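Okay, structure28.cif is below, mmCIF, C-alpha atoms:
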```
data_coords
loop_
_atom_site.label_atom_id
_atom_site.label_comp_id
_atom_site.auth_asym_id
_atom_site.auth_seq_id
_atom_site.Cartn_x
_atom_site.Cartn_y
_atom_site.Cartn_z
CA MET A 1 -102.12 -59.74 69.92
CA ILE A 2 -103.96 -62.93 70.83
CA PRO A 3 -107.53 -62.14 71.94
CA PHE A 4 -107.67 -65.03 74.42
CA LYS A 5 -106.25 -65.81 77.82
CA GLU A 6 -105.82 -69.13 79.58
CA ASP A 7 -109.04 -70.60 80.97
CA ASP A 8 -111.29 -68.42 78.78
CA THR A 9 -114.36 -70.52 78.06
CA PHE A 10 -116.73 -70.43 75.11
CA SER A 11 -119.79 -72.49 74.32
CA ALA A 12 -122.35 -73.05 71.60
CA ALA A 13 -125.43 -75.23 71.19
CA PHE A 14 -126.00 -77.60 68.28
CA THR A 15 -128.84 -79.88 67.27
CA LEU A 16 -128.33 -83.03 65.30
CA SER A 17 -131.31 -82.26 63.10
CA GLN A 18 -132.70 -84.22 60.17
CA GLN A 19 -131.22 -81.54 57.91
CA VAL A 20 -127.74 -81.96 59.37
CA TYR A 21 -127.97 -85.75 59.16
CA ASP A 22 -129.27 -85.72 55.57
CA GLY A 23 -126.66 -83.13 54.57
CA PHE A 24 -123.83 -85.21 55.99
CA ILE A 25 -125.02 -88.33 54.15
CA SER A 26 -125.58 -86.52 50.86
CA THR A 27 -122.15 -84.90 51.11
CA PHE A 28 -120.02 -87.78 52.33
CA GLY A 29 -122.11 -90.87 51.58
CA ASP A 30 -121.55 -92.69 54.87
CA ILE A 31 -124.66 -94.89 54.92
CA ASN A 32 -123.25 -97.63 57.12
CA PRO A 33 -126.30 -99.46 58.57
CA LEU A 34 -125.35 -98.35 62.07
CA HIS A 35 -126.23 -94.84 60.90
CA THR A 36 -129.20 -95.59 58.65
CA ASP A 37 -130.93 -98.77 59.87
CA ALA A 38 -132.55 -98.46 63.30
CA SER A 39 -133.17 -102.20 63.71
CA PHE A 40 -129.55 -102.98 62.83
CA ALA A 41 -128.38 -100.40 65.38
CA ARG A 42 -130.74 -101.79 68.05
CA ASP A 43 -129.43 -105.30 67.39
CA LYS A 44 -125.98 -103.92 68.20
CA GLY A 45 -127.17 -102.55 71.52
CA PHE A 46 -127.96 -98.93 70.63
CA GLU A 47 -131.24 -97.08 71.10
CA GLY A 48 -131.61 -96.32 67.40
CA LYS A 49 -129.63 -95.03 64.45
CA VAL A 50 -126.29 -93.73 65.70
CA MET A 51 -125.31 -90.44 64.14
CA GLN A 52 -121.99 -90.29 62.30
CA GLY A 53 -119.43 -89.12 64.83
CA ASN A 54 -117.73 -86.86 62.36
CA ILE A 55 -120.80 -84.64 62.23
CA LEU A 56 -119.41 -83.33 65.49
CA ASN A 57 -116.24 -82.33 63.67
CA GLY A 58 -118.45 -80.22 61.42
CA PHE A 59 -119.86 -78.52 64.51
CA ILE A 60 -116.31 -77.84 65.69
CA SER A 61 -115.51 -76.30 62.32
CA TYR A 62 -118.50 -73.97 62.68
CA PHE A 63 -117.54 -73.20 66.27
CA ILE A 64 -114.00 -72.19 65.37
CA GLY A 65 -114.90 -70.31 62.23
CA MET A 66 -118.09 -68.63 63.35
CA ALA A 67 -118.68 -68.82 67.10
CA LEU A 68 -115.31 -67.75 68.48
CA PRO A 69 -114.99 -63.96 68.69
CA ILE A 70 -112.49 -63.75 65.81
CA ARG A 71 -112.63 -64.42 62.08
CA ASN A 72 -108.89 -64.37 61.28
CA VAL A 73 -108.34 -67.96 62.29
CA ILE A 74 -107.21 -71.29 60.85
CA ILE A 75 -107.41 -74.78 62.31
CA LEU A 76 -103.96 -76.28 62.81
CA SER A 77 -104.95 -79.55 64.46
CA GLN A 78 -107.91 -81.27 66.00
CA ASP A 79 -108.59 -84.52 67.84
CA ILE A 80 -111.74 -86.14 69.07
CA LEU A 81 -112.61 -89.05 71.34
CA PHE A 82 -116.14 -90.41 71.07
CA ARG A 83 -117.50 -91.49 74.43
CA ALA A 84 -121.21 -92.08 73.87
CA PRO A 85 -123.57 -92.39 70.90
CA VAL A 86 -125.54 -89.42 69.63
CA TYR A 87 -129.02 -89.92 68.16
CA LEU A 88 -131.09 -88.00 65.64
CA GLY A 89 -132.69 -84.91 67.13
CA GLU A 90 -130.35 -84.66 70.11
CA SER A 91 -129.14 -81.26 71.23
CA LEU A 92 -125.53 -80.88 72.29
CA THR A 93 -123.52 -78.19 74.00
CA LEU A 94 -119.96 -77.65 72.90
CA MET A 95 -117.82 -76.14 75.66
CA ALA A 96 -114.27 -75.10 74.82
CA LYS A 97 -111.65 -73.79 77.22
CA VAL A 98 -108.32 -72.17 76.38
CA GLU A 99 -105.68 -74.60 77.56
CA ASP A 100 -102.47 -73.15 76.20
CA ILE A 101 -101.31 -70.04 74.37
CA HIS A 102 -98.16 -69.79 72.28
CA GLU A 103 -97.83 -66.07 71.60
CA SER A 104 -94.58 -66.55 69.69
CA VAL A 105 -96.38 -68.26 66.84
CA ASN A 106 -99.96 -67.02 67.44
CA VAL A 107 -101.28 -70.44 68.38
CA VAL A 108 -104.01 -71.22 70.89
CA THR A 109 -104.95 -74.71 72.05
CA PHE A 110 -108.44 -75.42 73.34
CA LYS A 111 -109.76 -78.38 75.27
CA TYR A 112 -113.39 -79.11 74.43
CA ASP A 113 -116.26 -81.43 75.12
CA PHE A 114 -119.76 -82.06 73.84
CA THR A 115 -122.47 -82.84 76.38
CA ASN A 116 -126.05 -83.84 75.74
CA LYS A 117 -129.22 -82.82 77.59
CA GLN A 118 -128.64 -85.61 80.13
CA ASN A 119 -125.27 -84.01 80.86
CA ILE A 120 -123.46 -87.00 79.40
CA LYS A 121 -120.13 -86.15 77.82
CA VAL A 122 -120.51 -87.67 74.35
CA ALA A 123 -117.18 -86.53 72.93
CA LYS A 124 -114.08 -84.63 73.94
CA GLY A 125 -110.77 -83.52 72.52
CA HIS A 126 -108.56 -80.60 71.62
CA PHE A 127 -108.26 -78.21 68.74
CA GLN A 128 -105.41 -75.91 67.95
CA ILE A 129 -105.95 -72.69 66.06
CA GLY A 130 -103.63 -70.21 64.47
CA ILE A 131 -104.46 -66.52 64.60
CA LEU A 132 -103.74 -65.00 61.20
CA MET B 1 -70.26 -79.09 71.76
CA ASP B 2 -70.70 -79.18 75.53
CA LYS B 3 -72.86 -81.81 77.21
CA GLU B 4 -75.81 -79.52 77.77
CA THR B 5 -75.91 -78.44 74.12
CA THR B 6 -75.64 -82.05 72.98
CA GLU B 7 -78.48 -83.15 75.25
CA ILE B 8 -80.81 -80.35 74.15
CA LEU B 9 -79.93 -80.92 70.52
CA HIS B 10 -80.82 -84.58 70.98
CA GLU B 11 -84.18 -83.68 72.53
CA ILE B 12 -84.94 -81.21 69.75
CA ASN B 13 -83.96 -83.84 67.21
CA ASP B 14 -86.62 -86.16 68.63
CA ILE B 15 -89.19 -83.36 68.40
CA PHE B 16 -88.30 -82.70 64.76
CA ILE B 17 -88.59 -86.42 63.96
CA ASP B 18 -92.00 -86.57 65.61
CA VAL B 19 -93.47 -83.35 64.20
CA LEU B 20 -92.08 -83.76 60.68
CA ASP B 21 -92.61 -87.52 60.73
CA ASP B 22 -89.13 -88.14 59.37
CA ASP B 23 -86.88 -90.63 61.15
CA SER B 24 -83.89 -89.65 59.01
CA ILE B 25 -83.52 -86.16 60.51
CA VAL B 26 -80.14 -85.56 62.14
CA LEU B 27 -79.81 -82.00 63.42
CA THR B 28 -76.57 -80.15 63.94
CA PRO B 29 -76.17 -76.62 65.30
CA GLU B 30 -75.71 -75.45 61.70
CA THR B 31 -78.95 -77.00 60.40
CA THR B 32 -81.41 -74.51 58.88
CA SER B 33 -84.87 -74.86 57.33
CA ASP B 34 -83.17 -75.05 53.92
CA ASP B 35 -81.65 -78.39 54.96
CA ILE B 36 -84.94 -80.09 55.86
CA GLU B 37 -87.51 -80.47 53.15
CA ASP B 38 -90.65 -80.37 55.28
CA TRP B 39 -89.55 -77.56 57.56
CA ASP B 40 -91.79 -74.83 56.18
CA SER B 41 -93.71 -71.95 57.74
CA LEU B 42 -96.60 -74.15 58.87
CA THR B 43 -94.51 -76.96 60.33
CA HIS B 44 -92.29 -74.31 61.94
CA ILE B 45 -95.33 -73.29 64.02
CA GLN B 46 -95.85 -76.89 65.14
CA LEU B 47 -92.14 -77.26 65.93
CA VAL B 48 -92.13 -74.15 68.11
CA VAL B 49 -95.31 -75.25 69.91
CA ALA B 50 -93.81 -78.71 70.53
CA ILE B 51 -90.50 -77.25 71.73
CA GLU B 52 -92.23 -74.78 74.05
CA ARG B 53 -94.32 -77.60 75.48
CA HIS B 54 -91.42 -80.01 75.86
CA PHE B 55 -89.12 -77.54 77.59
CA LYS B 56 -91.98 -75.83 79.44
CA MET B 57 -90.97 -72.39 78.30
CA LYS B 58 -92.39 -69.69 76.06
CA PHE B 59 -90.49 -67.54 73.61
CA THR B 60 -91.37 -64.24 72.01
CA ALA B 61 -92.03 -63.86 68.30
CA GLN B 62 -88.93 -61.64 68.13
CA GLU B 63 -86.73 -64.35 69.68
CA ILE B 64 -87.97 -66.95 67.24
CA ARG B 65 -87.46 -64.69 64.25
CA SER B 66 -83.87 -64.10 65.39
CA TRP B 67 -82.90 -67.78 65.18
CA SER B 68 -80.98 -68.41 62.00
CA ASN B 69 -80.19 -72.06 62.69
CA VAL B 70 -80.79 -74.89 65.16
CA GLY B 71 -77.76 -73.89 67.21
CA GLU B 72 -79.32 -70.52 68.03
CA MET B 73 -82.52 -72.31 68.99
CA VAL B 74 -80.55 -74.53 71.38
CA GLU B 75 -78.74 -71.51 72.78
CA ALA B 76 -82.06 -69.75 73.44
CA ILE B 77 -83.36 -72.82 75.30
CA ILE B 78 -80.21 -73.00 77.44
CA ASN B 79 -80.37 -69.27 78.24
CA ARG B 80 -84.07 -69.49 79.09
CA SER B 81 -83.42 -72.52 81.35
CA LYS B 82 -80.77 -70.54 83.24
CA LEU B 83 -83.21 -67.66 83.74
CA ALA B 84 -85.72 -70.07 85.23
CA ILE B 85 -83.28 -71.31 87.88
#
```

Represent the supplied structure as structure tokens.
Amino acid sequence: MIPFKEDDTFSAAFTLSQQVYDGFISTFGDINPLHTDASFARDKGFEGKVMQGNILNGFISYFIGMALPIRNVIILSQDILFRAPVYLGESLTLMAKVEDIHESVNVVTFKYDFTNKQNIKVAKGHFQIGIL
Amino acid sequence: MDKETTEILHEINDIFIDVLDDDSIVLTPETTSDDIEDWDSLTHIQLVVAIERHFKMKFTAQEIRSWSNVGEMVEAIINRSKLAI
């Protein structure tokens, strides 16, 4: 039994804190100057250091594993389109809506987006989960 | 094989090539998962999802478990299409 129905919507709030930023760098080592050198980033037209986009994938991982109302779940696929930069300290809301359910194989596809406090959609995509 | 079976088999073949990322796949009604190296339990899920999306139909878990080869999959698609008319 799949505990979701089409158009069900779930959300969670995330903050791109110093701890998250430092943890991502210490774990994966992406210290490209766009992410670590504010003057470099400003020279390229941004407001400051641009956070690594794949931090958002970490938020999605948390969302699927911990925020959805089930624990017996695996990620089958995931895509993301970055639409706007995210800066240190920004708070984001992840909103995910059930787009498609395949009961025959216990698969649910969600459409999601991240918005910031200015209501700008900074990223969007889909993830597909399997119910174990 | 009749024309309808051939056409659906061709469409399923394209789905298999895309999902399994293997241009060499040539399905016949007798093809089973034993004949295709990457057709395992996980890719089977992706194949079913892709087939359901492509043909805009949903199967039951029982139906899927009953398929013993590609031919039975094609037959199920044809039968489901007729029900939808």

What residues come out when you apply the PyMOL selection byres ((chain A and resi 2) around 10) to this file, written as number ranges by chain?
A: 1, 3-5, 70, 101-103, 106-108, 130-132

Could the residues in this selection be written to a file with C-alpha atoms, as a PDB file, in the coordinates of the input?
```pdb
ATOM      1  CA  MET A   1    -102.120 -59.740  69.920  1.00  0.00           C
ATOM      2  CA  PRO A   3    -107.530 -62.140  71.940  1.00  0.00           C
ATOM      3  CA  PHE A   4    -107.670 -65.030  74.420  1.00  0.00           C
ATOM      4  CA  LYS A   5    -106.250 -65.810  77.820  1.00  0.00           C
ATOM      5  CA  ILE A  70    -112.490 -63.750  65.810  1.00  0.00           C
ATOM      6  CA  ILE A 101    -101.310 -70.040  74.370  1.00  0.00           C
ATOM      7  CA  HIS A 102     -98.160 -69.790  72.280  1.00  0.00           C
ATOM      8  CA  GLU A 103     -97.830 -66.070  71.600  1.00  0.00           C
ATOM      9  CA  ASN A 106     -99.960 -67.020  67.440  1.00  0.00           C
ATOM     10  CA  VAL A 107    -101.280 -70.440  68.380  1.00  0.00           C
ATOM     11  CA  VAL A 108    -104.010 -71.220  70.890  1.00  0.00           C
ATOM     12  CA  GLY A 130    -103.630 -70.210  64.470  1.00  0.00           C
ATOM     13  CA  ILE A 131    -104.460 -66.520  64.600  1.00  0.00           C
ATOM     14  CA  LEU A 132    -103.740 -65.000  61.200  1.00  0.00           C
TER      15      LEU A 132
END
```

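Atom CA of Leu27 of chain B sits 13.7 Å away from atom CA of Ser68 of chain B.
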
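Distance-wise, atom CA of Gly125 of chain A and atom CA of Asp113 of chain A end up 6.4 Å apart.
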
Using all atoms listed in the file, find all polymer residues with an atom at most 7 Å away from the point (-82.9, -74.3, 63.4); report them as a list in words.
Thr31, Thr32, Ser33, Trp67, Ser68, Asn69, Val70, Gly71, Glu72 and Met73 of chain B

Distance query Lys56 of chain B at most 12 Å, all atoms listed in the file, self and fewer than 6 positions along chain excluded, as a list in words:
Asp100 and His102 of chain A; Val48, Val49, Ala50, Ile77, Arg80, Ser81 and Ala84 of chain B

Restricting it to C-alpha atoms, dump the selection as a PDB file, in the frame of the given file.
```pdb
ATOM      1  CA  ASP A 100    -102.470 -73.150  76.200  1.00  0.00           C
ATOM      2  CA  HIS A 102     -98.160 -69.790  72.280  1.00  0.00           C
TER       3      HIS A 102
ATOM      4  CA  VAL B  48     -92.130 -74.150  68.110  1.00  0.00           C
ATOM      5  CA  VAL B  49     -95.310 -75.250  69.910  1.00  0.00           C
ATOM      6  CA  ALA B  50     -93.810 -78.710  70.530  1.00  0.00           C
ATOM      7  CA  ILE B  77     -83.360 -72.820  75.300  1.00  0.00           C
ATOM      8  CA  ARG B  80     -84.070 -69.490  79.090  1.00  0.00           C
ATOM      9  CA  SER B  81     -83.420 -72.520  81.350  1.00  0.00           C
ATOM     10  CA  ALA B  84     -85.720 -70.070  85.230  1.00  0.00           C
TER      11      ALA B  84
END
```

Which polymer residues, protein or nucleic acid, are no farther than 12 Å from (-87.5, -84.0, 49.7), counting all atoms listed in the file, as a PyMOL selection string?
chain B and resi 20+22+24-25+34-39

Selected residues written out, C-alpha atoms, as a PDB file, in the coordinates of the input:
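And here's out34.pdb as it stands now:
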```pdb
ATOM      1  CA  LEU B  20     -92.080 -83.760  60.680  1.00  0.00           C
ATOM      2  CA  ASP B  22     -89.130 -88.140  59.370  1.00  0.00           C
ATOM      3  CA  SER B  24     -83.890 -89.650  59.010  1.00  0.00           C
ATOM      4  CA  ILE B  25     -83.520 -86.160  60.510  1.00  0.00           C
ATOM      5  CA  ASP B  34     -83.170 -75.050  53.920  1.00  0.00           C
ATOM      6  CA  ASP B  35     -81.650 -78.390  54.960  1.00  0.00           C
ATOM      7  CA  ILE B  36     -84.940 -80.090  55.860  1.00  0.00           C
ATOM      8  CA  GLU B  37     -87.510 -80.470  53.150  1.00  0.00           C
ATOM      9  CA  ASP B  38     -90.650 -80.370  55.280  1.00  0.00           C
ATOM     10  CA  TRP B  39     -89.550 -77.560  57.560  1.00  0.00           C
TER      11      TRP B  39
END
```

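In this structure, atom CA of Ile17 of chain B sits 12.8 Å away from atom CA of His44 of chain B.
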
So that I can check the surroundings of segment 12-22 of chain A, please list as a ChimeraX atom specification every protein, DNA and RNA residue that reaches within 6 Å of it, counting all atoms listed in the file and ignoring chain neighbours fewer than 2 positions away.
/A:24-25,88-94

Write out as a list in words every residue belonging to chain B that has an atom at most 9 Å from any atom of chain A, counting only C-alpha atoms.
Leu42, His44, Ile45, Gln46, Val48, Val49, Glu52, Lys58, Phe59, Thr60, Ala61, Gln62, Glu63 and Ile64 of chain B

Taking the file as shown, find all residues satisfying the PyMOL selection byres ((chain B and resi 6-10) around 10) and write them as a PyMOL selection string.
chain B and resi 1-5+11-16+26-29+55+70-71+73-75+77-78

Check which residues satisfy the PyMOL selection byres ((chain A and resi 51) around 7) in the file shown, then give them as number ranges by chain.
A: 35, 49-50, 52-53, 86-88

Take the residues that were just selected and, keeping C-alpha atoms, output them as an mmCIF file, in the frame of the given file.
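Once everything was written out, this is again.cif:
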```cif
data_model
loop_
_atom_site.group_PDB
_atom_site.id
_atom_site.type_symbol
_atom_site.label_atom_id
_atom_site.label_comp_id
_atom_site.auth_asym_id
_atom_site.auth_seq_id
_atom_site.Cartn_x
_atom_site.Cartn_y
_atom_site.Cartn_z
ATOM 1 C CA HIS A 35 -126.230 -94.840 60.900
ATOM 2 C CA LYS A 49 -129.630 -95.030 64.450
ATOM 3 C CA VAL A 50 -126.290 -93.730 65.700
ATOM 4 C CA GLN A 52 -121.990 -90.290 62.300
ATOM 5 C CA GLY A 53 -119.430 -89.120 64.830
ATOM 6 C CA VAL A 86 -125.540 -89.420 69.630
ATOM 7 C CA TYR A 87 -129.020 -89.920 68.160
ATOM 8 C CA LEU A 88 -131.090 -88.000 65.640
#
```

Emit as AutoDock Vina command-line options the padded axis-aligned box for all listed atoms of segment 65-71 of chain B, 6 Å per side, with centre and edge lengths in Å to one decimal.
```
--center_x -82.6 --center_y -69.5 --center_z 64.6 --size_x 21.7 --size_y 22.8 --size_z 17.2
```
